[in-house]
Structure formats: C-alpha cells, structure tokens
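Containing mmCIF, C-alpha atoms: entry.cif.
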data_query
#
loop_
_atom_site.label_atom_id
_atom_site.label_comp_id
_atom_site.auth_asym_id
_atom_site.auth_seq_id
_atom_site.Cartn_x
_atom_site.Cartn_y
_atom_site.Cartn_z
CA ILE A 1 5.65 4.79 -10.63
CA PHE A 2 7.94 7.22 -12.44
CA GLY A 3 11.36 6.15 -13.75
CA SER A 4 13.82 6.01 -16.60
CA ALA A 5 12.96 4.70 -20.06
CA ARG A 6 16.63 3.86 -20.63
CA LEU A 7 17.36 1.07 -18.17
CA LYS A 8 17.44 -2.48 -19.50
CA PRO A 9 15.89 -5.64 -18.01
CA ASP A 10 19.30 -6.96 -16.92
CA THR A 11 19.91 -4.07 -14.49
CA PRO A 12 19.35 -4.28 -10.71
CA LEU A 13 17.02 -1.25 -10.79
CA TYR A 14 14.77 -2.91 -13.38
CA LYS A 15 14.45 -5.94 -11.10
CA GLU A 16 13.80 -3.74 -8.06
CA VAL A 17 11.01 -1.79 -9.80
CA TYR A 18 9.50 -5.04 -11.12
CA ASP A 19 9.50 -6.46 -7.57
CA LEU A 20 7.94 -3.30 -6.14
CA ALA A 21 5.11 -3.27 -8.70
CA PHE A 22 4.59 -7.02 -8.22
CA GLN A 23 4.20 -6.57 -4.45
CA LEU A 24 1.87 -3.59 -4.85
CA ALA A 25 -0.25 -5.54 -7.36
CA MET A 26 -0.45 -8.42 -4.87
CA ARG A 27 -2.10 -5.84 -2.60
CA ASN A 28 -4.58 -5.03 -5.40
CA ALA A 29 -3.06 -1.61 -6.13
CA ASP A 30 -3.24 -0.38 -9.70
CA ILE A 31 0.10 0.61 -11.22
CA VAL A 32 0.32 3.67 -13.47
CA THR A 33 3.43 4.50 -15.51
CA GLY A 34 4.31 6.37 -18.67
CA GLY A 35 3.79 3.07 -20.47
CA GLY A 36 7.20 3.10 -22.13
CA PRO A 37 10.35 0.98 -21.93
CA GLY A 38 12.88 0.72 -19.12
CA LEU A 39 11.61 1.12 -15.56
CA MET A 40 8.10 1.80 -16.86
CA ASP A 41 8.18 -1.62 -18.53
CA ALA A 42 9.44 -3.16 -15.28
CA ALA A 43 6.59 -1.65 -13.28
CA ASN A 44 3.90 -2.60 -15.77
CA LYS A 45 5.28 -6.14 -16.08
CA GLY A 46 5.37 -6.47 -12.28
CA ALA A 47 1.78 -5.23 -12.10
CA LYS A 48 0.59 -7.78 -14.67
CA ASP A 49 2.43 -10.64 -12.96
CA GLY A 50 1.43 -9.61 -9.44
CA GLY A 51 -2.30 -9.63 -9.32
CA LYS A 52 -5.53 -10.24 -11.17
CA LYS A 53 -7.39 -7.47 -9.29
CA SER A 54 -4.93 -4.71 -10.11
CA ARG A 55 -4.62 -2.90 -13.41
CA SER A 56 -1.45 -2.07 -15.31
CA ILE A 57 -1.99 1.40 -16.77
CA GLY A 58 0.25 3.23 -19.24
CA LEU A 59 -0.03 6.90 -20.15
CA SER A 60 2.19 6.97 -23.19
CA ILE A 61 3.55 10.03 -24.97
CA GLU A 62 4.37 10.49 -28.62
CA LEU A 63 8.16 10.76 -28.86
CA PRO A 64 10.48 10.03 -31.79
CA TYR A 65 12.49 7.46 -29.80
CA GLU A 66 9.61 5.79 -27.92
CA THR A 67 7.50 4.57 -30.79
CA ASP A 68 5.15 2.24 -28.91
CA ALA A 69 3.96 1.47 -25.42
CA ASN A 70 5.27 -1.58 -23.59
CA SER A 71 3.36 -4.85 -23.91
CA HIS A 72 2.25 -5.16 -20.27
CA LEU A 73 -0.73 -2.79 -20.22
CA ASP A 74 -4.38 -3.39 -19.39
CA VAL A 75 -5.21 0.26 -20.04
CA LYS A 76 -3.35 2.51 -22.49
CA ARG A 77 -3.96 6.20 -23.01
CA ASN A 78 -1.82 8.12 -25.45
CA HIS A 79 -0.91 11.79 -25.04
CA LYS A 80 0.57 14.22 -27.52
CA ARG A 81 1.80 16.66 -24.86
CA PHE A 82 3.55 16.25 -21.54
CA SER A 83 1.17 18.72 -19.90
CA SER A 84 -1.98 16.62 -20.47
CA ARG A 85 -0.11 13.47 -19.51
CA LEU A 86 1.11 15.00 -16.24
CA ASP A 87 -2.40 16.16 -15.41
CA GLU A 88 -3.78 12.67 -16.01
CA PHE A 89 -1.08 11.14 -13.78
CA MET A 90 -2.25 13.43 -11.00
CA ARG A 91 -5.93 12.82 -11.67
CA ILE A 92 -5.69 9.03 -11.32
CA SER A 93 -2.92 8.60 -8.74
CA HIS A 94 -3.06 8.45 -4.96
CA ALA A 95 0.67 8.02 -4.36
CA VAL A 96 3.80 8.63 -6.40
CA VAL A 97 6.89 6.44 -6.34
CA VAL A 98 9.85 8.00 -8.12
CA THR A 99 12.69 5.74 -9.20
CA PRO A 100 15.90 6.92 -10.86
CA GLY A 101 15.48 8.69 -14.13
CA GLY A 102 16.49 11.71 -16.14
CA ILE A 103 14.83 14.99 -17.00
CA GLY A 104 11.39 13.45 -17.63
CA THR A 105 11.34 11.63 -14.30
CA LEU A 106 12.54 14.72 -12.45
CA LEU A 107 9.87 16.79 -14.20
CA GLU A 108 7.22 14.34 -12.99
CA MET A 109 8.55 14.44 -9.43
CA PHE A 110 8.82 18.23 -9.29
CA TYR A 111 5.40 18.69 -10.94
CA THR A 112 3.78 16.49 -8.29
CA TRP A 113 5.68 18.26 -5.53
CA GLN A 114 4.73 21.70 -6.78
CA LEU A 115 1.03 20.80 -7.07
CA LEU A 116 1.11 19.54 -3.48
CA GLN A 117 2.87 22.73 -2.35
CA VAL A 118 0.14 24.97 -3.77
CA LYS A 119 -2.65 22.52 -2.82
CA HIS A 120 -3.83 21.97 -6.38
CA ILE A 121 -4.08 18.23 -5.69
CA LYS A 122 -5.09 16.20 -2.67
CA SER A 123 -2.31 15.11 -0.36
CA ARG A 124 -0.39 12.04 -1.45
CA PRO A 125 3.05 10.69 -0.64
CA ILE A 126 6.02 11.16 -2.94
CA LEU A 127 8.35 8.25 -2.24
CA LEU A 128 11.86 8.27 -3.71
CA LEU A 129 13.34 4.79 -4.26
CA GLY A 130 16.73 3.63 -5.48
CA GLY A 131 19.69 5.47 -6.84
CA ASP A 132 22.28 4.74 -4.12
CA GLY A 133 22.31 8.24 -2.64
CA MET A 134 21.00 10.06 -5.71
CA TRP A 135 17.93 11.34 -3.84
CA ASN A 136 19.88 12.25 -0.71
CA GLU A 137 22.23 14.41 -2.74
CA LEU A 138 19.37 16.09 -4.60
CA LEU A 139 17.49 16.86 -1.38
CA ASP A 140 20.70 18.07 0.28
CA TRP A 141 21.11 20.56 -2.59
CA ILE A 142 17.48 21.67 -2.24
CA LYS A 143 17.98 22.23 1.51
CA LYS A 144 21.29 24.03 0.98
CA TRP A 145 20.04 26.42 -1.68
CA PRO A 146 16.29 27.00 -2.21
CA LEU A 147 15.29 26.13 1.37
CA ASN A 148 18.20 27.96 2.98
CA MET A 149 17.50 31.04 0.83
CA GLU A 150 13.85 30.88 1.97
CA LEU A 151 12.66 30.30 -1.59
CA MET A 152 10.49 27.51 -0.25
CA SER A 153 9.01 26.61 3.12
CA PRO A 154 10.31 23.94 5.49
CA GLU A 155 6.84 22.34 5.31
CA ASP A 156 7.40 21.67 1.60
CA MET A 157 9.99 19.06 2.54
CA SER A 158 7.32 17.04 4.36
CA HIS A 159 5.88 15.84 1.03
CA ILE A 160 9.03 13.83 0.19
CA THR A 161 10.15 10.55 1.75
CA ILE A 162 13.30 8.68 0.77
CA CYS A 163 12.81 4.92 0.82
CA LYS A 164 15.91 2.76 1.03
CA SER A 165 14.11 -0.42 0.00
CA ILE A 166 10.95 -1.88 -1.47
CA GLU A 167 9.97 -2.75 2.09
CA ASP A 168 10.13 0.96 3.02
CA VAL A 169 7.82 1.82 0.12
CA ILE A 170 5.38 -0.95 1.07
CA HIS A 171 5.49 0.14 4.73
CA ASN A 172 4.55 3.69 3.67
CA LEU A 173 1.81 2.62 1.24
CA ASP A 174 0.14 -0.33 3.00
CA PRO A 175 -2.01 1.84 5.32
CA LYS A 176 -3.02 4.08 2.40
CA ILE A 177 -3.95 1.10 0.22
CA ARG A 178 -6.06 -0.40 3.02
CA ALA A 179 -7.78 2.94 3.72
CA PHE A 180 -8.49 3.46 0.01
CA ARG A 181 -9.98 -0.04 -0.34
CA GLU A 182 -12.09 0.42 2.80
CA LYS A 183 -13.46 3.77 1.60
CA ALA A 184 -14.11 2.42 -1.90
CA SER A 185 -15.94 -0.63 -0.53
CA GLN A 186 -18.35 1.70 1.29
CA ASP A 187 -19.21 3.62 -1.89
CA PRO A 188 -21.27 1.37 -4.20
CA LYS A 189 -20.88 3.81 -7.12
CA LYS A 190 -17.10 3.74 -7.06
CA PRO A 191 -15.44 0.71 -8.70
CA LEU A 192 -12.62 -0.99 -6.80
#
If you took the structure in this file and wrote it as structure tokens, what would it be?
Amino acid sequence: IFGSARLKPDTPLYKEVYDLAFQLAMRNADIVTGGGPGLMDAANKGAKDGGKKSRSIGLSIELPYETDANSHLDVKRNHKRFSSRLDEFMRISHAVVVTPGGIGTLLEMFYTWQLLQVKHIKSRPILLLGGDGMWNELLDWIKKWPLNMELMSPEDMSHITICKSIEDVIHNLDPKIRAFREKASQDPKKPL
C-alpha cells in the first residue's frame, strides 16, 4: 500500500487506509508499506490489528524529516536509496494499492506501472483508491496527452483500476489472495 506520509490519524483517508489494511489482514494478506508516518502508519496499524497470520512490513528510507519507522511493524528493512527500496517493493509484492500521496507515492505508482509495461515484473494489479476524483483526473490527462499522442499503448491502461471504495479493492484482490494461498499451500518449501 503506497500513500502519503503527511496525513494525520484524524483524517478520513487515514481511517479508510486503516480499514483497508485491517480487512486485507483478516484475509491473511501481508501488508507492505514504506514504514513511515501518515497513510503508511494507517496501513501498518490496520495490518497489525487485523490478523495474526498476516505480517506488517515496512521498507523505510533514510530521510531528514522521517527519522524513524512507525511502531506497527513485524518486519522492518531500511534503505538508503529509493531505487533499492522500489526494487524490494516489487520483489515482495503481488498487488499494489495506491492511495493519495505526493511525489513519492506517484513515483511508486509510475515505477510499478512502467515495470509492468516492459514486462520486468510479473503481472499484478495496480489499484487506485481514494482522492475524490484525483485518480480520474490524472488518468484523463494521461489519456488526453501521452496516450492520444501515441507515446504509450492502449494496453498500458489495462494495468490500472480505479477503486471507489474499500469494497472495490477487496473485490479485486479476494480472488488473487485465494489463488496465492492455494498455490502456496501446494508448495511445501514456500512459507505462507
């Protein structure tokens, strides 16, 4: 789950991201974030509160204004550079949920999208949640300019799904979570 480090616990988006992570953890899905404050904190807290079989994972980055990871992590890995952190996100994730955020969140979304475009990673959904039209306007711009100018392919748009609610995200991920668990249960070497 990618999202802003700046949003506070008293905001509706914080609560929404907490609820999403809680529901995913209840389905035994691990939650991976940047391990920082804001919406990352919400997701990791939701993961910890939601299930004993899921893990709350934080891939923190050394920044002058984010001095420590949030306190809701089972697994913490620190990175000095965004590039290694982004690669680790891709290595351990099977789906990406992007919630509102700034440049860092957009970088994470576009990095995932670009790797899918050039088939450098296995297929996975990129689900955009929240923002009251923020994602629609961004995708409208992408369709109007890069897509219309044939700087990208229409197929590239198939990697992105806008979700209007937590229920939409769960609806998209439930079959993937079940399939992952089924496949993992058949491989005795792979931990669940």
Practice task
Compile the contact shell of region 29-45 of chain A as a ChimeraX atom specification: residues with an atom at most 6 Å away, counting all atoms listed in the file, same-chain residues fewer than 3 positions apart removed.
Solution key: /A:1,3-8,14,17-18,21,24-25,48,54-60,69-70,72
Exercise for the section: Please identify all polymer residues within 8 Å of region 160-167 of chain A, counting all atoms listed in the file, omitting same-chain residues fewer than 2 positions from it, and present them as a PyMOL selection string. Expected result: chain A and resi 16+19-20+113+125-130+135-136+157-158+169-171
The centre and edge lengths of an axis-aligned box containing all atoms of region 105-113 of chain A present in the file, extended by 3 Å on each side, are to be given in Å to one decimal, as JSON.
{"center_x": 8.2, "center_y": 15.2, "center_z": -9.9, "size_x": 14.8, "size_y": 13.1, "size_z": 14.8}
Exercise for the section: Would you kindly return, as an NGL selection string, each protein, DNA or RNA residue with an atom no farther than 12 Å from any atom of region 180-186 of chain A, considering all atoms listed in the file and excluding same-chain residues fewer than 6 positions away? Expected result: :A and (27-30 or 53-54 or 93-95 or 124 or 173-174 or 192)
Next, write the just-selected residues to a file, as a short mmCIF file (atom, residue, chain, number, x, y, z; two decimals), keeping the file's coordinate frame, keeping C-alpha atoms as the atom set.
data_model
loop_
_atom_site.label_atom_id
_atom_site.label_comp_id
_atom_site.auth_asym_id
_atom_site.auth_seq_id
_atom_site.Cartn_x
_atom_site.Cartn_y
_atom_site.Cartn_z
CA ARG A 27 -2.10 -5.84 -2.60
CA ASN A 28 -4.58 -5.03 -5.40
CA ALA A 29 -3.06 -1.61 -6.13
CA ASP A 30 -3.24 -0.38 -9.70
CA LYS A 53 -7.39 -7.47 -9.29
CA SER A 54 -4.93 -4.71 -10.11
CA SER A 93 -2.92 8.60 -8.74
CA HIS A 94 -3.06 8.45 -4.96
CA ALA A 95 0.67 8.02 -4.36
CA ARG A 124 -0.39 12.04 -1.45
CA LEU A 173 1.81 2.62 1.24
CA ASP A 174 0.14 -0.33 3.00
CA LEU A 192 -12.62 -0.99 -6.80
#
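Put simply, CA of Lys76 (chain A) is 22.9 Å away from CA of Pro100 (chain A).
A straight line drawn from CA of Gly102 (chain A) to CA of Phe89 (chain A) is 17.7 Å long.
Nearest residue to Leu139 (chain A) among A:Arg91, A:His159, A:Lys122, A:Arg81 is A:His159, counting only C-alpha atoms.
Point (13.3, 10.9, -9.3) has the following residues at most 6 Å away: Val98, Thr99, Pro100, Gly101, Thr105, Leu106 and Met109 of chain A (atoms considered: all atoms listed in the file).
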With C-alpha atoms retained, could you export that selection as a PDB file, in the frame of the given file?
ATOM      1  CA  VAL A  98       9.850   8.000  -8.120  1.00  0.00           C
ATOM      2  CA  THR A  99      12.690   5.740  -9.200  1.00  0.00           C
ATOM      3  CA  PRO A 100      15.900   6.920 -10.860  1.00  0.00           C
ATOM      4  CA  GLY A 101      15.480   8.690 -14.130  1.00  0.00           C
ATOM      5  CA  THR A 105      11.340  11.630 -14.300  1.00  0.00           C
ATOM      6  CA  LEU A 106      12.540  14.720 -12.450  1.00  0.00           C
ATOM      7  CA  MET A 109       8.550  14.440  -9.430  1.00  0.00           C
TER       8      MET A 109
END
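The spacing separating CA of Lys80 (chain A) from CA of Glu62 (chain A) amounts to 5.4 Å.
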Exercise for the section: Give the answer as one residue: which of A:Leu147, A:Ile177, A:Val75, A:Leu86 has the shortest atom-to-atom distance to Leu107 (chain A), using only C-alpha atoms? Expected result: A:Leu86
Fill in the blank from the handout: Among A:Ile61, A:Ala179, A:Leu138, A:Val118, Ser153 (chain A) is approached most closely, using only C-alpha atoms, by A:Val118
